[in-house]
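Encoded as structure tokens, the structure appears first; notes follow it.
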Amino acid sequence: MAEAESVKPVAMGYLPQDRPPVGAMITFGLQHVLTMFPATVLVAILTGFDVGVTLFASGLATIIALIGSGRRIPLYYGSSFSYIAAVVAVVGAEWGGVRVAQGGIIATAVVSILAGLLIRWVGKEALDKVLPPMITGSVAMVIGIALANDALGMASAHWGISVFTLLATVFFSAFLRGKRIFGMLPILMGAIAGYLFALVLGQVDFTPVGEAAWLRVPAFTLPIFKWSAILAIAPIAIATIPESTAHLYQISLYVDRLADDLGRPRLDIKRLVGLNLILDGVGDAINGFLGGCAGTNYGENNSLMAITRNYSVPVLMTAGGIGMLLGFVGKLAAIVQTLPTAVTGGLAIFLFGVIGLQGVALIQSEKVNLFDPRQLAIGAVILIVGVGGDTAPLIIPGLGGVFADGLPSIATAAVVGILLNIVFLIFPDKNAKQTAETSSAD
């Protein structure tokens, strides 16, 4: 009996440097593509950008970033929702268009790269003062929760299919974990189950497959630089920095937990925060020069990795290659596009919720004092502004209503949280140390 009790379950998972077998690697990569595909394509459609170019640029940006990090940072790069309002305004303006918006996207690359270089110069400790765990964790929560309406909106296309897909995905995630390869494919298996159910109900439209060409060349375009577009789009990069940093901290937390379970050295990926932002900028530069949407590393794919405990960089590079291939193979992209919106909605309910909970895990792991009024103030403001929706239309002289429908909620929440934290840094709490010591003693 004692011997039976001493037996521990074998830990399963892949660290960034691990390479699964080829067949499994392709399957895992496809799962990442299915995870990033809906949001990446949706952003392209909403902003008027070419879907093929956006998919190709997303895959290329991911591969370049993985190589640039020395294969140490396991993140996938896709289109960002934060830029939609500004990009749509530029594309729709008389002086604008997609190529003009591309110039603004390249400007965001410059902002991210400069921020990354600054952080590498001043050190991570300085960044932690400006972006403490309360900000990055709260932003992560907002990213997940604020997307709830999008998830439910997709699910409402057919509630029966969405609920079936969600339950199937939860089942595969909860009951197949540790069952070797099957335990690492809950999203893919949930998508397949939902797809088959939708097929039985006659809710799959194969028309796009028949109309699509086998091979095509994505409509690559060169950027046009105008100050109006740069001023409208580039500042959004400042707001996405906390988002990208939160993603890095989240994945670092989960990777180190897996390393502990496997009895291997911790990687402490979060120390590469400056490099991560530089690579974010490189990704935007690739998108801007080719004609893809502005992007960032994806919380959805982070959720997938946290669920499956698969952080393999070779898998992510495979996913990037599949993404690039989708840009050229019309039939392949069309087949993926036949995935019903309701199936995507069922998956999104799970994935977006996990993003929010990863923010909670980040705050918890960093032992943030939630009895500190200043910490509560920062978190409370970020949550309400971020979840509340777009507000306060912004009119810029000469540019008009760049955010005529209101400032983007997530980006605004991040900026407000940073500014509030800076105020607290300028006017420090003299009783903070004494309070901390008292709490520690209790």
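Just so we're on the same page: first chain in the structure tokens is A, next is B, and so on; residues restart at 1 for each chain, and ligands are numbered from 1 in the order they show up.
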Just the helix (DSSP H, G or I) stuff from range 41-143 of chain A, please, per backbone DSSP, written as a ChimeraX atom specification. /A:41-47,51-68,81-92,98-122,124-130,133-143
Per residue of range 124-182 of chain A within 12 Å of range 218-239 of chain A, which atom pair is closest and at what distance in Å (one decimal), using only C-alpha atoms, listed by chain and increasing number, as a tab-separated table?
residue	atom	partner	partner_atom	distance
A:Leu131	CA	A:Ala239	CA	11.5
A:Ile135	CA	A:Ala239	CA	11.6
A:Thr136	CA	A:Ala239	CA	11.3
A:Val139	CA	A:Ala239	CA	10.1
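Minimum atom-to-atom distance to Gly291 in chain A, evaluated using only C-alpha atoms, belongs to A:Ala101 out of A:Ile64, A:Ala101, A:Leu326, A:Ile426.
Residues lying within 12 Å of Ala361 in chain A, counting only C-alpha atoms and ignoring same-chain neighbours fewer than 2 positions away, are Pro133, Met134, Thr136, Gly137, Ser138, Ala140, Met141, Ala246, His247, Tyr249, Gln250, Ile251, Ser252, Leu253, Tyr254, Arg257, Ala306, Val354, Ile355, Gly356, Leu357, Gln358, Gly359, Ile363, Gln364, Ser365, Glu366, Lys367 and Val368 of chain A.
Distances here use only C-alpha atoms; by that measure, the residue among A:Leu351, A:Thr308, A:Leu332, A:Arg271 closest to Ile119 in chain A is A:Arg271.
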So how many Å separate CA of Ala39 in chain A and CA of Val98 in chain A, to one decimal? 18.9 Å
Between A:Leu316, A:Ala380, A:Ile422, A:Ala294, which residue has the minimum interatomic distance to Gln102 in chain A, considering only C-alpha atoms? A:Ala294
What are the nearest atom pairs, with distances in Å to one decimal, for all residues of range 58-175 of chain A that come at most 10 Å from range 195-200 of chain A, using only C-alpha atoms, set out by chain and rising residue number as a Markdown table?
| residue | atom | partner | partner_atom | distance |
| --- | --- | --- | --- | --- |
| A:His158 | CA | A:Ala198 | CA | 9.2 |
| A:Gly160 | CA | A:Ala198 | CA | 9.1 |
| A:Ile161 | CA | A:Ala198 | CA | 6.2 |
| A:Ser162 | CA | A:Ala198 | CA | 9.3 |
| A:Phe164 | CA | A:Phe197 | CA | 8.0 |
| A:Thr165 | CA | A:Tyr195 | CA | 8.2 |
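You will find CA of Ile187 in chain A at 5.9 Å from CA of Thr169 in chain A.
Closest approach to Phe427 in chain A among A:Thr54, A:Arg374, A:Phe328, A:Leu304: A:Arg374, based on only C-alpha atoms.
For the set A:Ala44, A:Ile418, A:Val91, A:Leu277, the residue with the smallest atom-to-atom gap to Val111 in chain A is A:Leu277, counting only C-alpha atoms.
Of the residues under consideration (A:Ser79, A:Thr341, A:Ser173, A:Ser244), A:Ser173 shows the shortest atom-to-atom contact distance to Met305 in chain A when counting only C-alpha atoms.
Atom to atom, CA of Ser80 in chain A and CA of Phe49 in chain A stand 12.9 Å apart.
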Shell of 9 Å around Ala334 in chain A, only C-alpha atoms, local chain residues under 5 positions omitted, as a ChimeraX atom specification: /A:206-212,326,329
Limited to N, CA and C atoms, could you put the picked residues into a file as a JSON list (two decimals), in the first residue's frame?
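Generated output (again20.json):
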[["chain", "number", "residue", "atom", "x", "y", "z"],
["A", 206, "PHE", "N", -19.67, 24.45, -48.22],
["A", 206, "PHE", "CA", -18.44, 24.15, -48.97],
["A", 206, "PHE", "C", -18.28, 25.01, -50.23],
["A", 207, "THR", "N", -19.16, 25.98, -50.40],
["A", 207, "THR", "CA", -19.08, 26.84, -51.58],
["A", 207, "THR", "C", -17.71, 27.52, -51.73],
["A", 208, "PRO", "N", -17.14, 28.09, -50.65],
["A", 208, "PRO", "CA", -15.83, 28.74, -50.79],
["A", 208, "PRO", "C", -14.73, 27.81, -51.29],
["A", 209, "VAL", "N", -14.83, 26.50, -50.97],
["A", 209, "VAL", "CA", -13.81, 25.55, -51.41],
["A", 209, "VAL", "C", -13.87, 25.37, -52.92],
["A", 210, "GLY", "N", -15.09, 25.28, -53.44],
["A", 210, "GLY", "CA", -15.25, 25.12, -54.88],
["A", 210, "GLY", "C", -14.81, 26.35, -55.65],
["A", 211, "GLU", "N", -15.01, 27.52, -55.08],
["A", 211, "GLU", "CA", -14.68, 28.76, -55.77],
["A", 211, "GLU", "C", -13.20, 29.12, -55.66],
["A", 212, "ALA", "N", -12.50, 28.60, -54.66],
["A", 212, "ALA", "CA", -11.11, 28.98, -54.41],
["A", 212, "ALA", "C", -10.15, 28.33, -55.41],
["A", 326, "LEU", "N", -1.05, 28.62, -45.91],
["A", 326, "LEU", "CA", -2.44, 29.00, -46.10],
["A", 326, "LEU", "C", -2.58, 30.24, -46.97],
["A", 329, "VAL", "N", -2.08, 28.62, -50.66],
["A", 329, "VAL", "CA", -2.95, 27.53, -51.11],
["A", 329, "VAL", "C", -4.40, 27.92, -50.87]]
